[in-house]
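Structure first, commentary second.
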Amino acid sequence: MLLFFTLGLLIHFVFFASIFDIYFTSPLVHGMTPQFTPLPPPARRLVLFVADGLRADALYELDENGTSRAPFIRNIIMHEGSWGISHTRVPTESRPGHVALIAGFYEDVSAVAKGWKENPVEFDSLFNESKYTWSWGSPDILPMFAKGASGDHVYTYSYDAKREDFGAQDATKLDTWVFDNVKDFFHHARNNQSLFSKINEEKIVFFLHLLGIDTNGHAHRPSSRDYKDNIKKVDDGVKEIVSMFNHFYGNDGKTTFIFTSDHGMTDWGSHGAGHPSETLTPLVTWGAGIKYPQRVSAQQFDDAFLKEWRLENWKRLDVNQGILPVDYLNNTDLFKAESMFTNAVQILEQFKVKMTQKKEVTLPFLFTPFKLLSDSKQFNILRKARSYIKHRKFDEVVSLCKELIHLALKGLSYYHTYDRFFLGVNVVIGFVGWISYASLLIIKSHSNLIKGVSKEVKKPSHLLPCSFVAIGILVAFFLLIQACPWKYYVYGLLPVPIWYAVLREFQVIQDLVASVLTYPLSHFVGYLLAFTLGIEVLVLSFFYRYMLTAGLTAFAAWPFLTRLWTRAKMTSLSWTFFSLLLAVFPLMPVVGRKPDISLVMGAGLLVLLLSLCVVTSLMKRKDSFIKEELLVHLLQVLSTVLSMYVVYSTQSSLLRKQGLPLMNQIISWATLASSLVVPLLSSPVLFQRLFSILLSLMSTYLLLSTGYEALFPLVLSFLMFVWINIEQETLQQSGVCCKQKLTSIQFSYNTDITQFRQLYLDDIRRAFFLVFFLVTAFFGTGNIASINSFDLASVYCFLTVFSPFMMGALMMWKILIPFVLVMCAFEAVQLTTQLSSKSLFLIVLVISDIMALHFFFLVKDYGSWLDIGTSISHYVIVMSMTIFLVFLNGLAQLLTTKKLRLCGKPKSHFM
């Protein structure tokens with residue numbers, strides 16, 4: 001069995017990784033011939049302002065007094081330049097946004113594995129193609145463009161990372177630092193001949209990264225006065241810098257200014273997904289080569305922003321990254337046509353390189369070219385475009401080049417996803433084989449389903465293994481002659497041994513069919529429909545959280561549809577009450593959008609009240625309660641009180657903009673560190689140990705809570721306690737074993753294997769309950785499939801200085817705490833129902849794998865980027881749940897069975 005779980009874990013890692021190789025591969029193409037516009041550019045230098053985290057509406061809208069909070073930028077829109085909305089794409093994070101702005105492509109998403117800081121694949125950028133680039137701002141953004149630059153012509157000036165503090169007194173200082181350093185730089189340049197000559201060259205870029213707005217948005221939310229005042233500070237700073245540039249260069253008219261943002265921000269202060277507040281960013285540009293404002297009488301857009309912003313009479317020009325926005329250019333028609341032609345040829349060169357690369361590693365009779373852009377069509381379009389330029393038909397050139405760019409981009413996507421079908425088919429075949437094998441193993445080793453129909457085992461034939469060896473050799477040879485990457489061998493060959501293992505159990509398959517035929521057809525169809533409906537509810541809950549409410553409501557009615565109600569009325573009523581109470585949470589808004597510390601305090605008080613009741617009841621039982629355990633409970637009560645104090649005082653300190661108190665930070669980390677150790681000091685008696693685990697984890701959860709979600713683990717735990725009781729009732733009802741007092745059962749690391757029983761149909765329901773509760777733990781208080789469900793305020797008791805990995809780890813632990821509570825309860829269910837953890841875990845594995853296969857088919861590579869990202873994240877979550885289930889099962893066993901003493905040697909407990 002150990003070998004099975006090891007192989008299963010490896011196979012699931014392969015299935016998990018497959019989604020990244022199929023959908024998350026780098027889009028970059030290398031080896032193109034550089035293309036340049038033959039005409040001289042209108043500007044000698046570019047000044048790029050990027051206000052990190054700035055929403056379009058926050059900049060363009062008027063305040064409550066009817067005035068703009070960015071008067072200088074609004075004056076530019078009305079009198080000097082062009083404006084519009086820049087539509088960013090998922091993931092709306094700082095690094096991908098800046099890469100799209102400065103390098104002209106959408107980020108290789110594998111950069112997320114490096115915290116959006118490092119370059120997984122080197123890329124070219126505007127900065128690298130410049131003569132010199134000087135940049136000021138965050139240490140998280142600037143280095144990634146300097147690192148991949150050739151030579152030594154990209155200069156970066158960053159402040160210390162510790163300045164990026166969400167609890168700091170004034171985050172606008174980050175932007176003030178940038179403006180002051182730019183002014184000091186130019187003052188220094190006047191007295192440094194070498195530097196003075198450099199900044200007077202052509203092809204110069206100045207990049208000002210302004211992080212204050214993003215930091216204030218995370219700390220105080222975009223609706224706050226801090227966020228809005230920061231916009232005014234940035235507007236004032238931009239005005240000063242523009243004036244300084246014009247003065248320094250003598251108003252030579254050769255400077256282009258661009259003001260934009262990398263991404264927006266939700267109302268609750270997060271970003272990363274595809275909500276319009278995250279994807280709609282401002283774009284204002286003026287100076288050399290840019291059109292002046294265009295007055296219009298009416299404009300047609302799908303939104304009502306123009307009227308809200310009172311900009312309906314100034315032409316709005318929206319853009320998407322990657323294609324030259326010629327409507328912004330103020331130049332000759334010839335220049336626009338040549339620029340568009342160059343842009344089209346650049347993208348066409350990428351298409352050609354991508355096609356050549358794929359053609360070289362594909363057998364000629366298997367290669368299917370992109371038919372919409374054949375060699376002859378490429379030649380005809382380019383020839384026609386050149387002819388139009390010669391005959392001064394410039395509008396036709398722009399239109400034709402846009403068509404070529406559209407086709408080339410479609411072709412790039414075609415060749416980029418060329419192997420997707422092949423890889424997908426192999427993964428699905430392997431998936432189906434694995435689910436089949438796990439199901440056969442359950443039936444063969446852990447049930448009595450085929451005992452009565454088993455036949456004499458025949459001597460194994462050599463035909464089957466020889467056939468699969470031949471298949472494996474053919475697959476490997478096919479991949480070898482196509483020079484496929486090594487990962488293709490993994491995906492292509494993995495189904496071979498899996499299906500060999502399935503077909504080796506042919507006798508079990510025959511016995512299973514014979515056994516199923518003995519059951520009434522109506523029973524079989526009923527069980528199949530119930531199982532299918534349950535799986536569909538789980539799958540739909542990933543898209544619609546209220547499906548969890550529907551499922552929990554059905555759970556609430558379950559005792560009344562069976563004989564449980566007549567046997568255990570109080571337990572049944574408790575089950576119904578807590579199921580309906582838990583069903584409320586998926587109907588509530590996503591956690592973080594409306595923080596309310598009073599609810600966190602309320603949850604803490606409930607924990608203290610519960611602790612008092614439990615300790616009082618335990619003290620009455622002097623025969624089983626010792627001073628050491630009383631000390632442990634008092635320690636956990638003290639930890640809860642300290643957590644409540646830290647949450648309240650941290651909130652107050654941040655509101656006063658005094659940052660995170662050091663003592664609060666120390667207490668928070670100490671509470672987190674002790675939360676997995678203190679339960680091991682408590683009694684191994686079932687309910688005492690489970691209650692101790694709840695108290696320890698709740699102390700940490702309170703520190704990570706901002707509102708109603710603090711109540712979620714409490715309600716979930718109450719339902720888990722009732723689940724343990726009700727499962728024992730169902731087991732007694734079915735006559736499997738005698739009822740044992742739960743107060744006398746102890747968790748034990750060494751369990752007598754002779755006590756384990758075979759699986760029954762009711763055990764499938766138990767496994768389904770576990771999966772449902774795990775999904776509820778994931779989605780009960782928010783949609784973790786979307787990055788913008790995370791609220792950075794959750795970690796402010798631990799740290800406020802920006803640290804993506806540390807903050808991400810803390811928020812992930814917050815998500816896993818309800819998961820751990822469910823797994824510990826599941827350990828108790830297995831113990832009280834005398835069921836092997838291996839057999840029940842196999843059923844859970846099959847259910848989760850069926851869900852994962854379902855989501856694999858639902859993965860999209862079309863539609864909005866939000867749809868694509870969400871569909872991929874659903875698959876990743878289910879696969880992660882399957883893999884983490886192994887590790888969390890081990891953690892739950894450790895928390896429930898291990899016993900430590902405050903003094904002396906550890907003592908083992910047995911049943």
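If you're wondering about the labels, chains in the structure tokens are A, B, ... by order shown, residues count from 1 in each chain, ligands from 1 in order shown.
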
- Enumerate as a PyMOL selection string all residues of segment 214-431 of chain A assigned to strand (DSSP E) by DSSP on the backbone, naming them with the chain letters and numbers the document uses. chain A and resi 255-260+280-287+319-320

- Message: Just want the 9 Å neighbourhood of Lys358 of chain A, counted on only C-alpha atoms, with same-chain residues fewer than 2 positions away dropped. Output as a PyMOL selection string.
- Response: chain A and resi 353-356+360-362+367+415-416+418

Can you write just those residues out, N, CA and C atoms, as a PDB file, in the first residue's frame?
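Produced file result.pdb, reproduced below:
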```pdb
ATOM      1  N   VAL A 353       9.113  32.626 -37.200  1.00  0.00           N
ATOM      2  CA  VAL A 353      10.052  31.880 -36.356  1.00  0.00           C
ATOM      3  C   VAL A 353       9.321  30.754 -35.621  1.00  0.00           C
ATOM      4  N   LYS A 354       8.139  31.064 -35.092  1.00  0.00           N
ATOM      5  CA  LYS A 354       7.360  30.064 -34.357  1.00  0.00           C
ATOM      6  C   LYS A 354       6.961  28.916 -35.276  1.00  0.00           C
ATOM      7  N   MET A 355       6.560  29.233 -36.502  1.00  0.00           N
ATOM      8  CA  MET A 355       6.169  28.209 -37.460  1.00  0.00           C
ATOM      9  C   MET A 355       7.359  27.333 -37.842  1.00  0.00           C
ATOM     10  N   THR A 356       8.506  27.951 -38.067  1.00  0.00           N
ATOM     11  CA  THR A 356       9.715  27.201 -38.429  1.00  0.00           C
ATOM     12  C   THR A 356      10.133  26.262 -37.311  1.00  0.00           C
ATOM     13  N   GLU A 360      10.163  22.128 -37.809  1.00  0.00           N
ATOM     14  CA  GLU A 360      11.418  21.365 -37.748  1.00  0.00           C
ATOM     15  C   GLU A 360      11.316  20.145 -36.835  1.00  0.00           C
ATOM     16  N   VAL A 361      10.399  20.157 -35.875  1.00  0.00           N
ATOM     17  CA  VAL A 361      10.309  19.050 -34.925  1.00  0.00           C
ATOM     18  C   VAL A 361       9.035  18.227 -35.131  1.00  0.00           C
ATOM     19  N   THR A 362       8.409  18.353 -36.299  1.00  0.00           N
ATOM     20  CA  THR A 362       7.202  17.595 -36.600  1.00  0.00           C
ATOM     21  C   THR A 362       7.399  16.825 -37.899  1.00  0.00           C
ATOM     22  N   PHE A 367       2.505  17.470 -40.025  1.00  0.00           N
ATOM     23  CA  PHE A 367       2.491  18.916 -39.815  1.00  0.00           C
ATOM     24  C   PHE A 367       1.305  19.556 -40.534  1.00  0.00           C
ATOM     25  N   TYR A 415       0.346  28.069 -33.256  1.00  0.00           N
ATOM     26  CA  TYR A 415       1.577  27.279 -33.106  1.00  0.00           C
ATOM     27  C   TYR A 415       1.998  27.155 -31.644  1.00  0.00           C
ATOM     28  N   HIS A 416       1.652  28.163 -30.840  1.00  0.00           N
ATOM     29  CA  HIS A 416       1.968  28.094 -29.416  1.00  0.00           C
ATOM     30  C   HIS A 416       1.188  26.965 -28.738  1.00  0.00           C
ATOM     31  N   TYR A 418       0.029  24.292 -30.440  1.00  0.00           N
ATOM     32  CA  TYR A 418      -0.005  23.229 -31.453  1.00  0.00           C
ATOM     33  C   TYR A 418      -0.077  21.841 -30.816  1.00  0.00           C
TER      34      TYR A 418
END
```

- Message: Residues near Thr88 of chain A, anyone? I mean within 10 Å using only C-alpha atoms, not counting same-chain ones fewer than 4 positions away, as a list in words.
- Response: Thr92, Glu93, Pro96, Gly97, Ala100, Leu101, Tyr106, Ser261, Asp262, His263, Gly264, Gly274, Pro276, Glu278, Thr279, Leu280, Thr281, Val319, Asn320 and Gln321 of chain A

Same residues, C-alpha atoms, saved as a PDB file, in the first residue's frame:
```pdb
ATOM      1  CA  THR A  92      -3.434  42.211 -12.878  1.00  0.00           C
ATOM      2  CA  GLU A  93      -0.201  42.232 -10.901  1.00  0.00           C
ATOM      3  CA  PRO A  96       2.892  41.555 -15.715  1.00  0.00           C
ATOM      4  CA  GLY A  97       1.459  45.060 -16.051  1.00  0.00           C
ATOM      5  CA  ALA A 100       3.110  44.674 -21.004  1.00  0.00           C
ATOM      6  CA  LEU A 101       3.773  48.434 -20.876  1.00  0.00           C
ATOM      7  CA  TYR A 106       1.804  39.665 -21.933  1.00  0.00           C
ATOM      8  CA  SER A 261      -0.950  52.573 -14.563  1.00  0.00           C
ATOM      9  CA  ASP A 262      -0.003  48.906 -14.518  1.00  0.00           C
ATOM     10  CA  HIS A 263      -3.296  47.745 -12.990  1.00  0.00           C
ATOM     11  CA  GLY A 264      -6.232  49.007 -10.963  1.00  0.00           C
ATOM     12  CA  GLY A 274     -10.256  40.478 -13.988  1.00  0.00           C
ATOM     13  CA  PRO A 276     -13.157  46.071 -14.305  1.00  0.00           C
ATOM     14  CA  GLU A 278      -8.575  46.068 -11.816  1.00  0.00           C
ATOM     15  CA  THR A 279      -8.339  45.998 -15.624  1.00  0.00           C
ATOM     16  CA  LEU A 280      -9.376  49.577 -16.498  1.00  0.00           C
ATOM     17  CA  THR A 281      -6.420  51.935 -16.075  1.00  0.00           C
ATOM     18  CA  VAL A 319      -6.015  50.837 -26.211  1.00  0.00           C
ATOM     19  CA  ASN A 320      -4.925  47.236 -25.697  1.00  0.00           C
ATOM     20  CA  GLN A 321      -1.262  46.413 -25.209  1.00  0.00           C
TER      21      GLN A 321
END
```

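Computed from the coordinates, the atom CA of Ser125 of chain A to atom CA of Lys402 of chain A distance equals 22.1 Å.
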
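Of the listed residues A:Ser270, A:Gln350, A:Ser82, A:Thr571, the one whose atoms come nearest to Lys410 of chain A is A:Gln350, with distances taken using only C-alpha atoms.
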
- Message: Can you pull out every residue from segment 302-439 of chain A that DSSP, working from the backbone, puts in helix (DSSP H, G or I), and format the result as a VMD selection string?
- Response: chain A and resid 305 to 309 326 to 328 333 to 360 371 to 373 375 to 390 394 to 416 420 to 439

- Task: Write out as JSON, numbers by chain each polymer residue whose atoms come within 12 Å of Met265 of chain A, counting only C-alpha atoms; drop sequence neighbours fewer than 3 positions from it.
- Result: {"A": [51, 52, 53, 54, 55, 56, 57, 58, 88, 92, 93, 94, 213, 214, 215, 216, 217, 218, 219, 220, 221, 222, 223, 227, 261, 262, 268, 269, 270, 271, 272, 273, 274, 275, 276, 277, 278, 279, 280, 281, 787, 788, 789, 791]}

- Fewer than 2 positions away in the same chain doesn't count, so skip those; otherwise give me all residues within 12 Å of Trp177 of chain A, counting only C-alpha atoms, as a VMD selection string. chain A and resid 136 to 138 157 to 160 163 170 to 175 179 to 184 208 to 212 233 to 234 237

- Task: Determine, counting only C-alpha atoms, which protein, DNA and RNA residues have an atom within 6 Å of an atom of segment 435-443 of chain A; residues of the same chain fewer than 3 positions away are not included. Present the result as a PyMOL selection string.
- Result: chain A and resi 432+446-447+502+846

Take the residues from that selection and write them out as a PDB file, in the first residue's frame, keeping all heavy atoms.
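Everything below was put into selection03.pdb:
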```pdb
ATOM      1  N   VAL A 432      -8.046   8.748 -16.620  1.00  0.00           N
ATOM      2  CA  VAL A 432      -9.100   7.731 -16.608  1.00  0.00           C
ATOM      3  C   VAL A 432      -8.534   6.390 -16.146  1.00  0.00           C
ATOM      4  O   VAL A 432      -9.164   5.655 -15.366  1.00  0.00           O
ATOM      5  CB  VAL A 432      -9.751   7.607 -17.998  1.00  0.00           C
ATOM      6  CG1 VAL A 432     -10.736   6.448 -18.041  1.00  0.00           C
ATOM      7  CG2 VAL A 432     -10.456   8.901 -18.384  1.00  0.00           C
ATOM      8  N   HIS A 446     -10.655  -3.854  -0.356  1.00  0.00           N
ATOM      9  CA  HIS A 446     -11.311  -3.215   0.784  1.00  0.00           C
ATOM     10  C   HIS A 446     -12.822  -3.403   0.803  1.00  0.00           C
ATOM     11  O   HIS A 446     -13.517  -2.663   1.514  1.00  0.00           O
ATOM     12  CB  HIS A 446     -10.990  -1.716   0.789  1.00  0.00           C
ATOM     13  CG  HIS A 446      -9.527  -1.417   0.899  1.00  0.00           C
ATOM     14  ND1 HIS A 446      -8.859  -1.396   2.100  1.00  0.00           N
ATOM     15  CD2 HIS A 446      -8.598  -1.162  -0.057  1.00  0.00           C
ATOM     16  CE1 HIS A 446      -7.578  -1.119   1.885  1.00  0.00           C
ATOM     17  NE2 HIS A 446      -7.396  -0.969   0.595  1.00  0.00           N
ATOM     18  N   SER A 447     -13.340  -4.324   0.025  1.00  0.00           N
ATOM     19  CA  SER A 447     -14.787  -4.533   0.035  1.00  0.00           C
ATOM     20  C   SER A 447     -15.105  -6.014  -0.122  1.00  0.00           C
ATOM     21  O   SER A 447     -14.244  -6.824  -0.491  1.00  0.00           O
ATOM     22  CB  SER A 447     -15.460  -3.730  -1.089  1.00  0.00           C
ATOM     23  OG  SER A 447     -15.240  -4.351  -2.341  1.00  0.00           O
ATOM     24  N   VAL A 502      -4.320  -1.687 -14.899  1.00  0.00           N
ATOM     25  CA  VAL A 502      -5.782  -1.844 -14.936  1.00  0.00           C
ATOM     26  C   VAL A 502      -6.158  -3.181 -15.565  1.00  0.00           C
ATOM     27  O   VAL A 502      -6.950  -3.958 -15.014  1.00  0.00           O
ATOM     28  CB  VAL A 502      -6.439  -0.680 -15.709  1.00  0.00           C
ATOM     29  CG1 VAL A 502      -7.926  -0.959 -15.946  1.00  0.00           C
ATOM     30  CG2 VAL A 502      -6.267   0.629 -14.956  1.00  0.00           C
ATOM     31  N   VAL A 846     -10.590   8.969  -5.345  1.00  0.00           N
ATOM     32  CA  VAL A 846     -11.364   8.754  -6.581  1.00  0.00           C
ATOM     33  C   VAL A 846     -12.330   9.904  -6.817  1.00  0.00           C
ATOM     34  O   VAL A 846     -12.450  10.414  -7.945  1.00  0.00           O
ATOM     35  CB  VAL A 846     -12.114   7.403  -6.516  1.00  0.00           C
ATOM     36  CG1 VAL A 846     -13.115   7.284  -7.662  1.00  0.00           C
ATOM     37  CG2 VAL A 846     -11.128   6.243  -6.552  1.00  0.00           C
TER      38      VAL A 846
END
```

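Every protein, DNA or RNA residue with an atom at most 10 Å from segment 393-398 of chain A, where only C-alpha atoms count and chain neighbours fewer than 6 positions away do not, is listed here: A:Val326, A:Thr332, A:Asp333, A:Leu334, A:Phe335, A:Lys336, A:Ala337, A:Glu338, A:Ser339, A:Met340, A:Phe341, A:Ala344, A:Ile381, A:Leu382, A:Lys384, A:Ala385, A:Arg386, A:Ser387, A:Leu404.
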
- For Ser880 of chain A, the closest of A:Leu816, A:Arg392, A:Ile843, A:Leu704 counting only C-alpha atoms is A:Leu816

- Selected residue, from A:Ser705, A:Thr833, A:Thr781, A:Gln651, that lies nearest to Ala603 of chain A when counting only C-alpha atoms: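 Among the listed residues, the smallest separation from Ala603 of chain A belongs to A:Ser705.
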
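Coordinates place atom CA of Lys315 of chain A at a distance of 6.1 Å from atom CA of Val296 of chain A.
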
- Query: Quick one, how far is atom CA of Leu599 of chain A from atom CA of Thr896 of chain A?
  - Reply: 29.5 Å

- Message: I'd like to know which of A:Ile817, A:Leu28, A:Ile231, A:Met644 is closest to Ser68 of chain A, using only C-alpha atoms.
- Response: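 The closest residue to Ser68 of chain A is A:Ile231.
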